[in-house]
file data-v1.cif (mmCIF, N, CA and C atoms and all ligand atoms)
data_target
#
loop_
_atom_site.label_atom_id
_atom_site.label_comp_id
_atom_site.auth_asym_id
_atom_site.auth_seq_id
_atom_site.Cartn_x
_atom_site.Cartn_y
_atom_site.Cartn_z
N MET A 5 -13.76 54.38 99.00
CA MET A 5 -12.99 55.60 99.24
C MET A 5 -12.94 56.42 97.97
N SER A 6 -13.02 57.69 98.10
CA SER A 6 -12.84 58.59 96.98
C SER A 6 -11.77 59.60 97.38
N THR A 7 -11.37 60.37 96.41
CA THR A 7 -10.32 61.35 96.71
C THR A 7 -10.70 62.68 96.09
N ASP A 8 -10.31 63.76 96.72
CA ASP A 8 -10.52 65.05 96.09
C ASP A 8 -9.19 65.70 95.73
N ALA A 9 -8.10 64.93 95.86
CA ALA A 9 -6.81 65.42 95.39
C ALA A 9 -6.81 65.37 93.88
N ALA A 10 -6.00 66.20 93.24
CA ALA A 10 -5.95 66.20 91.78
C ALA A 10 -5.43 64.86 91.28
N ILE A 11 -6.13 64.32 90.29
CA ILE A 11 -5.74 63.07 89.65
C ILE A 11 -5.18 63.43 88.28
N THR A 12 -4.05 62.83 87.95
CA THR A 12 -3.51 63.01 86.61
C THR A 12 -3.32 61.65 85.96
N GLY A 13 -3.27 61.66 84.64
CA GLY A 13 -3.08 60.39 83.95
C GLY A 13 -2.71 60.63 82.50
N GLY A 14 -2.48 59.53 81.81
CA GLY A 14 -2.11 59.63 80.41
C GLY A 14 -2.04 58.26 79.76
N CYS A 15 -1.85 58.30 78.46
CA CYS A 15 -1.77 57.06 77.68
C CYS A 15 -0.35 56.49 77.74
N LEU A 16 -0.18 55.36 77.10
CA LEU A 16 1.13 54.69 77.13
C LEU A 16 2.24 55.53 76.53
N CYS A 17 1.98 56.23 75.43
CA CYS A 17 3.04 57.00 74.77
C CYS A 17 3.16 58.42 75.29
N GLY A 18 2.17 58.89 76.06
CA GLY A 18 2.23 60.23 76.62
C GLY A 18 1.67 61.33 75.74
N ALA A 19 1.16 60.99 74.57
CA ALA A 19 0.62 62.02 73.67
C ALA A 19 -0.65 62.64 74.23
N VAL A 20 -1.42 61.86 74.98
CA VAL A 20 -2.66 62.35 75.58
C VAL A 20 -2.50 62.30 77.09
N ARG A 21 -2.71 63.45 77.72
CA ARG A 21 -2.63 63.54 79.18
C ARG A 21 -3.90 64.23 79.68
N TYR A 22 -4.21 64.01 80.95
CA TYR A 22 -5.36 64.71 81.52
C TYR A 22 -5.12 65.00 82.99
N ARG A 23 -5.89 65.94 83.48
CA ARG A 23 -5.85 66.32 84.89
C ARG A 23 -7.29 66.50 85.34
N VAL A 24 -7.61 65.91 86.47
CA VAL A 24 -8.96 65.98 87.01
C VAL A 24 -8.90 66.73 88.33
N THR A 25 -9.72 67.75 88.45
CA THR A 25 -9.81 68.46 89.72
C THR A 25 -11.17 68.17 90.33
N GLY A 26 -11.22 68.17 91.65
CA GLY A 26 -12.47 67.85 92.33
C GLY A 26 -12.56 66.38 92.64
N GLU A 27 -13.71 65.99 93.09
CA GLU A 27 -13.88 64.63 93.60
C GLU A 27 -13.90 63.60 92.49
N VAL A 28 -13.20 62.51 92.73
CA VAL A 28 -13.18 61.36 91.82
C VAL A 28 -13.67 60.16 92.62
N GLY A 29 -14.57 59.41 92.03
CA GLY A 29 -15.16 58.28 92.74
C GLY A 29 -14.27 57.06 92.74
N PRO A 30 -14.73 56.01 93.41
CA PRO A 30 -13.99 54.75 93.42
C PRO A 30 -14.05 54.07 92.04
N ILE A 31 -13.27 53.05 91.89
CA ILE A 31 -13.11 52.37 90.60
C ILE A 31 -14.09 51.21 90.47
N SER A 32 -14.71 51.11 89.30
CA SER A 32 -15.53 49.96 88.95
C SER A 32 -14.78 49.11 87.93
N VAL A 33 -14.75 47.82 88.17
CA VAL A 33 -14.16 46.89 87.20
C VAL A 33 -15.30 46.30 86.39
N CYS A 34 -15.20 46.44 85.05
CA CYS A 34 -16.30 46.04 84.18
C CYS A 34 -15.95 44.76 83.42
N HIS A 35 -16.86 43.80 83.52
CA HIS A 35 -16.65 42.49 82.91
C HIS A 35 -17.42 42.33 81.60
N CYS A 36 -17.91 43.42 81.02
CA CYS A 36 -18.73 43.30 79.81
C CYS A 36 -17.87 42.95 78.58
N GLY A 37 -18.54 42.45 77.57
CA GLY A 37 -17.84 42.03 76.36
C GLY A 37 -17.19 43.17 75.60
N GLN A 38 -17.77 44.37 75.67
CA GLN A 38 -17.17 45.51 74.97
C GLN A 38 -15.85 45.92 75.63
N CYS A 39 -15.84 46.00 76.96
CA CYS A 39 -14.59 46.33 77.65
C CYS A 39 -13.54 45.26 77.39
N ARG A 40 -13.98 44.01 77.36
CA ARG A 40 -13.04 42.91 77.13
C ARG A 40 -12.31 43.10 75.80
N ARG A 41 -13.05 43.42 74.76
CA ARG A 41 -12.41 43.59 73.45
C ARG A 41 -11.59 44.88 73.40
N ALA A 42 -12.11 45.94 73.99
CA ALA A 42 -11.41 47.23 73.91
C ALA A 42 -10.11 47.24 74.71
N HIS A 43 -10.13 46.57 75.89
CA HIS A 43 -8.99 46.64 76.80
C HIS A 43 -8.10 45.40 76.75
N GLY A 44 -8.54 44.38 76.05
CA GLY A 44 -7.76 43.16 76.06
C GLY A 44 -8.18 42.20 77.16
N TYR A 45 -8.92 42.67 78.14
CA TYR A 45 -9.51 41.81 79.16
C TYR A 45 -10.57 42.63 79.89
N LEU A 46 -10.26 43.09 81.09
CA LEU A 46 -11.25 43.83 81.86
C LEU A 46 -11.11 45.33 81.62
N GLY A 47 -12.23 46.03 81.70
CA GLY A 47 -12.18 47.49 81.76
C GLY A 47 -12.27 47.90 83.22
N ALA A 48 -11.60 48.95 83.58
CA ALA A 48 -11.70 49.49 84.94
C ALA A 48 -11.74 51.01 84.82
N TYR A 49 -12.76 51.59 85.41
CA TYR A 49 -13.00 53.02 85.23
C TYR A 49 -13.44 53.69 86.51
N THR A 50 -13.13 54.97 86.59
CA THR A 50 -13.79 55.85 87.53
C THR A 50 -14.29 57.03 86.70
N ASP A 51 -14.99 57.95 87.32
CA ASP A 51 -15.49 59.06 86.51
C ASP A 51 -15.50 60.36 87.30
N ALA A 52 -15.75 61.44 86.57
CA ALA A 52 -15.80 62.77 87.15
C ALA A 52 -16.66 63.63 86.23
N PRO A 53 -17.15 64.75 86.74
CA PRO A 53 -17.91 65.66 85.88
C PRO A 53 -17.05 66.11 84.69
N THR A 54 -17.68 66.17 83.53
CA THR A 54 -16.95 66.49 82.30
C THR A 54 -16.13 67.78 82.44
N GLU A 55 -16.72 68.78 83.09
CA GLU A 55 -16.04 70.08 83.16
C GLU A 55 -14.84 70.06 84.10
N SER A 56 -14.67 69.00 84.87
CA SER A 56 -13.53 68.97 85.79
C SER A 56 -12.32 68.23 85.21
N ILE A 57 -12.44 67.76 83.97
CA ILE A 57 -11.33 67.05 83.33
C ILE A 57 -10.73 67.93 82.23
N ALA A 58 -9.46 68.22 82.37
CA ALA A 58 -8.74 68.99 81.35
C ALA A 58 -7.82 68.03 80.59
N ILE A 59 -8.02 67.91 79.28
CA ILE A 59 -7.25 66.97 78.46
C ILE A 59 -6.26 67.75 77.62
N THR A 60 -5.00 67.32 77.63
CA THR A 60 -4.01 67.87 76.70
C THR A 60 -3.69 66.79 75.66
N GLY A 61 -3.46 67.23 74.45
CA GLY A 61 -3.24 66.29 73.35
C GLY A 61 -4.53 65.67 72.86
N ALA A 62 -5.65 66.35 73.11
CA ALA A 62 -6.96 65.79 72.73
C ALA A 62 -7.07 65.56 71.22
N GLU A 63 -6.26 66.29 70.45
CA GLU A 63 -6.31 66.09 68.99
C GLU A 63 -5.77 64.72 68.60
N ARG A 64 -5.07 64.05 69.52
CA ARG A 64 -4.58 62.69 69.26
C ARG A 64 -5.61 61.63 69.64
N LEU A 65 -6.68 62.04 70.29
CA LEU A 65 -7.72 61.08 70.67
C LEU A 65 -8.58 60.73 69.47
N THR A 66 -8.92 59.47 69.34
CA THR A 66 -9.92 59.03 68.38
C THR A 66 -11.11 58.51 69.18
N TRP A 67 -12.31 58.93 68.78
CA TRP A 67 -13.52 58.50 69.49
C TRP A 67 -14.22 57.44 68.66
N TYR A 68 -14.50 56.34 69.31
CA TYR A 68 -15.19 55.23 68.66
C TYR A 68 -16.55 55.03 69.31
N ARG A 69 -17.60 55.08 68.53
CA ARG A 69 -18.95 54.89 69.05
C ARG A 69 -19.18 53.39 69.24
N SER A 70 -19.01 52.94 70.49
CA SER A 70 -19.05 51.50 70.76
C SER A 70 -20.45 50.98 71.02
N SER A 71 -21.40 51.88 71.26
CA SER A 71 -22.79 51.48 71.43
C SER A 71 -23.65 52.71 71.23
N ASP A 72 -24.97 52.50 71.28
CA ASP A 72 -25.87 53.65 71.17
C ASP A 72 -25.66 54.62 72.32
N GLN A 73 -25.16 54.11 73.43
CA GLN A 73 -25.10 54.92 74.64
C GLN A 73 -23.79 55.65 74.85
N ALA A 74 -22.73 55.24 74.17
CA ALA A 74 -21.44 55.80 74.55
C ALA A 74 -20.40 55.72 73.45
N GLU A 75 -19.35 56.56 73.64
CA GLU A 75 -18.16 56.51 72.81
C GLU A 75 -16.97 56.17 73.70
N ARG A 76 -15.98 55.56 73.08
CA ARG A 76 -14.73 55.29 73.78
C ARG A 76 -13.62 56.07 73.10
N GLY A 77 -12.80 56.75 73.90
CA GLY A 77 -11.71 57.55 73.36
C GLY A 77 -10.38 56.83 73.57
N PHE A 78 -9.63 56.67 72.48
CA PHE A 78 -8.33 56.02 72.60
C PHE A 78 -7.26 56.86 71.89
N CYS A 79 -6.02 56.69 72.32
CA CYS A 79 -4.91 57.42 71.72
C CYS A 79 -4.64 56.87 70.33
N SER A 80 -4.63 57.74 69.35
CA SER A 80 -4.42 57.30 67.97
C SER A 80 -2.96 56.94 67.70
N VAL A 81 -2.07 57.26 68.62
CA VAL A 81 -0.66 56.91 68.45
C VAL A 81 -0.38 55.52 69.03
N CYS A 82 -0.74 55.31 70.31
CA CYS A 82 -0.37 54.06 70.98
C CYS A 82 -1.54 53.12 71.22
N GLY A 83 -2.77 53.59 71.01
CA GLY A 83 -3.93 52.70 71.14
C GLY A 83 -4.50 52.56 72.53
N SER A 84 -3.94 53.23 73.52
CA SER A 84 -4.48 53.11 74.89
C SER A 84 -5.93 53.58 74.95
N VAL A 85 -6.81 52.75 75.49
CA VAL A 85 -8.20 53.14 75.69
C VAL A 85 -8.29 53.90 77.00
N MET A 86 -8.71 55.15 76.91
CA MET A 86 -8.63 56.02 78.08
C MET A 86 -9.97 56.53 78.59
N PHE A 87 -10.91 56.77 77.69
CA PHE A 87 -12.15 57.44 78.08
C PHE A 87 -13.38 56.68 77.61
N TRP A 88 -14.42 56.79 78.40
CA TRP A 88 -15.75 56.27 78.07
C TRP A 88 -16.71 57.42 78.33
N LYS A 89 -17.38 57.86 77.27
CA LYS A 89 -18.20 59.07 77.38
C LYS A 89 -19.63 58.76 76.97
N PRO A 90 -20.57 58.90 77.89
CA PRO A 90 -21.96 58.64 77.52
C PRO A 90 -22.48 59.68 76.54
N ALA A 91 -23.36 59.24 75.65
CA ALA A 91 -23.92 60.16 74.66
C ALA A 91 -24.71 61.27 75.34
N HIS A 92 -25.39 60.91 76.41
CA HIS A 92 -26.16 61.90 77.15
C HIS A 92 -25.73 61.81 78.61
N GLY A 93 -25.03 62.78 79.07
CA GLY A 93 -24.58 62.73 80.45
C GLY A 93 -23.58 63.82 80.71
N ARG A 94 -23.35 64.06 81.97
CA ARG A 94 -22.45 65.15 82.36
C ARG A 94 -21.15 64.63 82.96
N HIS A 95 -20.97 63.32 82.88
CA HIS A 95 -19.75 62.74 83.41
C HIS A 95 -18.97 62.07 82.29
N ILE A 96 -17.69 61.96 82.52
CA ILE A 96 -16.84 61.19 81.61
C ILE A 96 -16.08 60.19 82.46
N SER A 97 -16.03 58.96 81.97
CA SER A 97 -15.27 57.94 82.67
C SER A 97 -13.87 57.86 82.09
N PHE A 98 -12.90 57.63 82.94
CA PHE A 98 -11.53 57.46 82.45
C PHE A 98 -10.95 56.20 83.05
N SER A 99 -10.09 55.56 82.29
CA SER A 99 -9.65 54.21 82.65
C SER A 99 -8.70 54.25 83.86
N ALA A 100 -8.91 53.29 84.74
CA ALA A 100 -8.07 53.21 85.93
C ALA A 100 -6.61 53.01 85.56
N GLY A 101 -6.40 52.26 84.48
CA GLY A 101 -5.01 51.99 84.08
C GLY A 101 -4.25 53.20 83.60
N SER A 102 -4.98 54.25 83.20
CA SER A 102 -4.30 55.45 82.70
C SER A 102 -3.93 56.42 83.81
N ILE A 103 -4.41 56.18 85.02
CA ILE A 103 -4.19 57.11 86.13
C ILE A 103 -2.77 56.97 86.66
N ASP A 104 -2.11 58.10 86.87
CA ASP A 104 -0.76 58.09 87.44
C ASP A 104 -0.81 57.57 88.87
N GLN A 105 0.23 56.87 89.27
CA GLN A 105 0.35 56.35 90.62
C GLN A 105 1.17 57.29 91.49
N PRO A 106 0.89 57.37 92.79
CA PRO A 106 -0.21 56.69 93.47
C PRO A 106 -1.52 57.43 93.22
N SER A 107 -2.62 56.70 93.10
CA SER A 107 -3.89 57.32 92.77
C SER A 107 -4.71 57.67 94.02
N GLY A 108 -4.53 56.90 95.10
CA GLY A 108 -5.35 57.09 96.29
C GLY A 108 -6.75 56.51 96.13
N LEU A 109 -7.00 55.82 95.04
CA LEU A 109 -8.33 55.27 94.77
C LEU A 109 -8.39 53.79 95.14
N VAL A 110 -9.61 53.29 95.25
CA VAL A 110 -9.81 51.86 95.51
C VAL A 110 -10.86 51.32 94.54
N ILE A 111 -10.81 50.02 94.32
CA ILE A 111 -11.86 49.34 93.56
C ILE A 111 -12.99 49.03 94.53
N ASP A 112 -14.22 49.43 94.17
CA ASP A 112 -15.31 49.14 95.10
C ASP A 112 -16.40 48.24 94.50
N ARG A 113 -16.33 47.95 93.21
CA ARG A 113 -17.35 47.06 92.66
C ARG A 113 -16.93 46.47 91.33
N HIS A 114 -17.54 45.34 91.05
CA HIS A 114 -17.38 44.66 89.77
C HIS A 114 -18.74 44.66 89.10
N ILE A 115 -18.81 45.14 87.86
CA ILE A 115 -20.10 45.28 87.18
C ILE A 115 -20.15 44.40 85.92
N TYR A 116 -21.35 44.14 85.48
CA TYR A 116 -21.59 43.25 84.33
C TYR A 116 -20.90 41.90 84.52
N VAL A 117 -20.95 41.43 85.75
CA VAL A 117 -20.31 40.15 86.06
C VAL A 117 -20.96 39.01 85.29
N ALA A 118 -22.27 39.15 85.01
CA ALA A 118 -22.96 38.09 84.27
C ALA A 118 -22.41 37.93 82.86
N ASP A 119 -21.75 38.98 82.34
CA ASP A 119 -21.22 38.93 80.97
C ASP A 119 -19.76 38.49 80.93
N ARG A 120 -19.23 38.04 82.05
CA ARG A 120 -17.80 37.70 82.12
C ARG A 120 -17.45 36.58 81.13
N ALA A 121 -16.18 36.55 80.77
CA ALA A 121 -15.69 35.49 79.87
C ALA A 121 -15.67 34.16 80.61
N ASP A 122 -15.73 33.09 79.83
CA ASP A 122 -15.80 31.77 80.46
C ASP A 122 -14.50 31.36 81.16
N TYR A 123 -13.41 32.08 80.88
CA TYR A 123 -12.15 31.75 81.55
C TYR A 123 -11.95 32.50 82.86
N GLU A 124 -12.90 33.37 83.21
CA GLU A 124 -12.79 34.08 84.49
C GLU A 124 -13.24 33.17 85.62
N THR A 125 -12.50 33.19 86.70
CA THR A 125 -12.79 32.30 87.82
C THR A 125 -13.33 33.04 89.04
N ILE A 126 -13.81 34.26 88.84
CA ILE A 126 -14.32 35.04 89.98
C ILE A 126 -15.60 34.44 90.52
N ASP A 127 -15.88 34.77 91.77
CA ASP A 127 -17.13 34.35 92.40
C ASP A 127 -18.19 35.43 92.14
N PRO A 128 -19.20 35.13 91.31
CA PRO A 128 -20.18 36.17 90.98
C PRO A 128 -21.04 36.60 92.16
N ASP A 129 -21.02 35.82 93.23
CA ASP A 129 -21.82 36.17 94.40
C ASP A 129 -21.02 36.89 95.48
N ALA A 130 -19.77 37.18 95.21
CA ALA A 130 -18.94 37.89 96.19
C ALA A 130 -19.48 39.31 96.39
N PRO A 131 -19.28 39.88 97.58
CA PRO A 131 -19.75 41.25 97.80
C PRO A 131 -19.17 42.22 96.77
N GLY A 132 -20.01 43.12 96.28
CA GLY A 132 -19.55 44.10 95.31
C GLY A 132 -19.52 43.59 93.89
N HIS A 133 -19.99 42.37 93.67
CA HIS A 133 -20.03 41.81 92.32
C HIS A 133 -21.47 41.85 91.83
N TRP A 134 -21.73 42.72 90.86
CA TRP A 134 -23.10 42.99 90.44
C TRP A 134 -23.33 42.41 89.04
N PRO A 135 -24.43 41.69 88.88
CA PRO A 135 -24.73 41.14 87.55
C PRO A 135 -24.83 42.23 86.49
N GLN A 136 -25.52 43.32 86.83
CA GLN A 136 -25.68 44.42 85.87
C GLN A 136 -25.11 45.70 86.49
N ALA A 137 -24.81 46.62 85.59
CA ALA A 137 -24.19 47.86 86.04
C ALA A 137 -25.14 48.72 86.86
N ASP A 138 -26.43 48.57 86.63
CA ASP A 138 -27.37 49.49 87.26
C ASP A 138 -27.95 48.97 88.57
N ARG A 139 -27.45 47.83 89.04
CA ARG A 139 -27.93 47.35 90.34
C ARG A 139 -27.42 48.29 91.43
N PRO A 140 -28.25 48.68 92.40
CA PRO A 140 -27.83 49.67 93.41
C PRO A 140 -26.72 49.15 94.32
ZN ZN A 201 -0.61 57.39 73.36
ZN ZN A 202 -17.68 47.30 80.17
#
call {"tool": "encode", "arguments": {"input": "data-v1.cif", "output": "structure tokens"}}
result
Amino acid sequence: MSTDAAITGGCLCGAVRYRVTGEVGPISVCHCGQCRRAHGYLGAYTDAPTESIAITGAERLTWYRSSDQAERGFCSVCGSVMFWKPAHGRHISFSAGSIDQPSGLVIDRHIYVADRADYETIDPDAPGHWPQADRP
């Protein structure tokens, strides 16, 4: 399920807020090692076209280049990891945890399941559980 209602969200302290207009896709839960360290466990994101996200308090965001492919944006006041932005792309991902409730969104897939931590007890063969992010 996706929604075309306006989505709003923000960090833990409220210094950084955003509003997304237009369609927002379902949520992907990411089991990769980078999300694990950045989020404390799992990363969960949805995304939207860059031009449809309006950020307030953006001067409080710090961008960390976590790989050749992307940067992660977090609030420099409270540390909430909010954004994942590809180096080359027209979309920006924002963390599911930062979205105001009710969101109207659903989780539709688990990605990078092969990279999960050894303490995770999920079934890697369950529907919607993909070894790599790019599996169709
Ligand atoms: Zn904050
Ligand atoms: Zn990840």
call {"tool": "residues_near_ligand", "arguments": {"input": "data-v1.cif", "ligand": "ligand ZN 202 (chain A)", "cutoff": "8 Å", "atoms": "only N, CA and C atoms and all ligand atoms", "output": "PyMOL selection string"}}
result
chain A and resi 33-40+46-48+115-116
call {"tool": "write_last_selection", "arguments": {"input": "data-v1.cif", "atoms": "N, CA and C atoms", "output": "PDB file, in the coordinates of the input"}}
result
ATOM      1  N   VAL A  33     -14.750  47.820  88.170  1.00  0.00           N
ATOM      2  CA  VAL A  33     -14.160  46.890  87.200  1.00  0.00           C
ATOM      3  C   VAL A  33     -15.300  46.300  86.390  1.00  0.00           C
ATOM      4  N   CYS A  34     -15.200  46.440  85.050  1.00  0.00           N
ATOM      5  CA  CYS A  34     -16.300  46.040  84.180  1.00  0.00           C
ATOM      6  C   CYS A  34     -15.950  44.760  83.420  1.00  0.00           C
ATOM      7  N   HIS A  35     -16.860  43.800  83.520  1.00  0.00           N
ATOM      8  CA  HIS A  35     -16.650  42.490  82.910  1.00  0.00           C
ATOM      9  C   HIS A  35     -17.420  42.330  81.600  1.00  0.00           C
ATOM     10  N   CYS A  36     -17.910  43.420  81.020  1.00  0.00           N
ATOM     11  CA  CYS A  36     -18.730  43.300  79.810  1.00  0.00           C
ATOM     12  C   CYS A  36     -17.870  42.950  78.580  1.00  0.00           C
ATOM     13  N   GLY A  37     -18.540  42.450  77.570  1.00  0.00           N
ATOM     14  CA  GLY A  37     -17.840  42.030  76.360  1.00  0.00           C
ATOM     15  C   GLY A  37     -17.190  43.170  75.600  1.00  0.00           C
ATOM     16  N   GLN A  38     -17.770  44.370  75.670  1.00  0.00           N
ATOM     17  CA  GLN A  38     -17.170  45.510  74.970  1.00  0.00           C
ATOM     18  C   GLN A  38     -15.850  45.920  75.630  1.00  0.00           C
ATOM     19  N   CYS A  39     -15.840  46.000  76.960  1.00  0.00           N
ATOM     20  CA  CYS A  39     -14.590  46.330  77.650  1.00  0.00           C
ATOM     21  C   CYS A  39     -13.540  45.260  77.390  1.00  0.00           C
ATOM     22  N   ARG A  40     -13.980  44.010  77.360  1.00  0.00           N
ATOM     23  CA  ARG A  40     -13.040  42.910  77.130  1.00  0.00           C
ATOM     24  C   ARG A  40     -12.310  43.100  75.800  1.00  0.00           C
ATOM     25  N   LEU A  46     -10.260  43.090  81.090  1.00  0.00           N
ATOM     26  CA  LEU A  46     -11.250  43.830  81.860  1.00  0.00           C
ATOM     27  C   LEU A  46     -11.110  45.330  81.620  1.00  0.00           C
ATOM     28  N   GLY A  47     -12.230  46.030  81.700  1.00  0.00           N
ATOM     29  CA  GLY A  47     -12.180  47.490  81.760  1.00  0.00           C
ATOM     30  C   GLY A  47     -12.270  47.900  83.220  1.00  0.00           C
ATOM     31  N   ALA A  48     -11.600  48.950  83.580  1.00  0.00           N
ATOM     32  CA  ALA A  48     -11.700  49.490  84.940  1.00  0.00           C
ATOM     33  C   ALA A  48     -11.740  51.010  84.820  1.00  0.00           C
ATOM     34  N   ILE A 115     -18.810  45.140  87.860  1.00  0.00           N
ATOM     35  CA  ILE A 115     -20.100  45.280  87.180  1.00  0.00           C
ATOM     36  C   ILE A 115     -20.150  44.400  85.920  1.00  0.00           C
ATOM     37  N   TYR A 116     -21.350  44.140  85.480  1.00  0.00           N
ATOM     38  CA  TYR A 116     -21.590  43.250  84.330  1.00  0.00           C
ATOM     39  C   TYR A 116     -20.900  41.900  84.520  1.00  0.00           C
TER      40      TYR A 116
END
call {"tool": "select_by_dssp", "arguments": {"input": "data-v1.cif", "residues": "chain A", "states": "strand (DSSP E)", "output": "PyMOL selection string"}}
result
chain A and resi 11-14+21-24+31-34+47-53+57-60+65-69+74-79+85-90+95-99+111-115
call {"tool": "residues_near_ligand", "arguments": {"input": "data-v1.cif", "ligand": "ligand ZN 201 (chain A)", "cutoff": "6 Å", "atoms": "only C-alpha atoms and all ligand atoms", "output": "PDB file with N, CA and C atoms, in the frame of the given file"}}
result
ATOM      1  N   CYS A  15      -1.850  58.300  78.460  1.00  0.00           N
ATOM      2  CA  CYS A  15      -1.770  57.060  77.680  1.00  0.00           C
ATOM      3  C   CYS A  15      -0.350  56.490  77.740  1.00  0.00           C
ATOM      4  N   LEU A  16      -0.180  55.360  77.100  1.00  0.00           N
ATOM      5  CA  LEU A  16       1.130  54.690  77.130  1.00  0.00           C
ATOM      6  C   LEU A  16       2.240  55.530  76.530  1.00  0.00           C
ATOM      7  N   CYS A  17       1.980  56.230  75.430  1.00  0.00           N
ATOM      8  CA  CYS A  17       3.040  57.000  74.770  1.00  0.00           C
ATOM      9  C   CYS A  17       3.160  58.420  75.290  1.00  0.00           C
ATOM     10  N   GLY A  18       2.170  58.890  76.060  1.00  0.00           N
ATOM     11  CA  GLY A  18       2.230  60.230  76.620  1.00  0.00           C
ATOM     12  C   GLY A  18       1.670  61.330  75.740  1.00  0.00           C
ATOM     13  N   ALA A  19       1.160  60.990  74.570  1.00  0.00           N
ATOM     14  CA  ALA A  19       0.620  62.020  73.670  1.00  0.00           C
ATOM     15  C   ALA A  19      -0.650  62.640  74.230  1.00  0.00           C
ATOM     16  N   VAL A  20      -1.420  61.860  74.980  1.00  0.00           N
ATOM     17  CA  VAL A  20      -2.660  62.350  75.580  1.00  0.00           C
ATOM     18  C   VAL A  20      -2.500  62.300  77.090  1.00  0.00           C
ATOM     19  N   CYS A  79      -6.020  56.690  72.320  1.00  0.00           N
ATOM     20  CA  CYS A  79      -4.910  57.420  71.720  1.00  0.00           C
ATOM     21  C   CYS A  79      -4.640  56.870  70.330  1.00  0.00           C
ATOM     22  N   VAL A  81      -2.070  57.260  68.620  1.00  0.00           N
ATOM     23  CA  VAL A  81      -0.660  56.910  68.450  1.00  0.00           C
ATOM     24  C   VAL A  81      -0.380  55.520  69.030  1.00  0.00           C
ATOM     25  N   CYS A  82      -0.740  55.310  70.310  1.00  0.00           N
ATOM     26  CA  CYS A  82      -0.370  54.060  70.980  1.00  0.00           C
ATOM     27  C   CYS A  82      -1.540  53.120  71.220  1.00  0.00           C
ATOM     28  N   SER A  84      -3.940  53.230  73.520  1.00  0.00           N
ATOM     29  CA  SER A  84      -4.480  53.110  74.890  1.00  0.00           C
ATOM     30  C   SER A  84      -5.930  53.580  74.950  1.00  0.00           C
TER      31      SER A  84
END
call {"tool": "closest_residue", "arguments": {"input": "data-v1.cif", "among": "A:Ala52, A:Ile57, A:Met86, A:Ala91", "to": "Asp72 of chain A", "atoms": "only C-alpha atoms"}}
result
A:Ala91
call {"tool": "atom_distance", "arguments": {"input": "data-v1.cif", "atom1": "atom CA of Lys89 of chain A", "atom2": "atom CA of Ala74 of chain A"}}
result
5.4 Å
call {"tool": "closest_residue", "arguments": {"input": "data-v1.cif", "among": "A:His92, A:Gly44, A:Ser32, A:Ile103", "to": "Val117 of chain A", "atoms": "only C-alpha atoms"}}
result
A:Ser32
call {"tool": "closest_residue", "arguments": {"input": "data-v1.cif", "among": "A:Pro128, A:Ser107, A:Arg21, A:Asp119", "to": "Thr60 of chain A", "atoms": "only N, CA and C atoms"}}
result
A:Arg21
call {"tool": "closest_residue", "arguments": {"input": "data-v1.cif", "among": "A:Arg23, A:His95, A:Arg76, A:His133", "to": "Ile59 of chain A", "atoms": "all atoms listed in the file"}}
result
A:Arg23
call {"tool": "residues_around", "arguments": {"input": "data-v1.cif", "residues": "Ser102 of chain A", "least_positions_apart": "2", "cutoff": "6.5 Å", "atoms": "only N, CA and C atoms", "output": "PyMOL selection string"}}
result
chain A and resi 12-15+86+98-100+104
call {"tool": "residues_around", "arguments": {"input": "data-v1.cif", "residues": "Ile31 of chain A", "least_positions_apart": "3", "cutoff": "7 Å", "atoms": "only C-alpha atoms", "output": "PyMOL selection string"}}
result
chain A and resi 48-50+100+109-112
call {"tool": "atom_distance", "arguments": {"input": "data-v1.cif", "atom1": "atom CA of Phe78 of chain A", "atom2": "atom CA of Glu63 of chain A"}}
result
10.9 Å
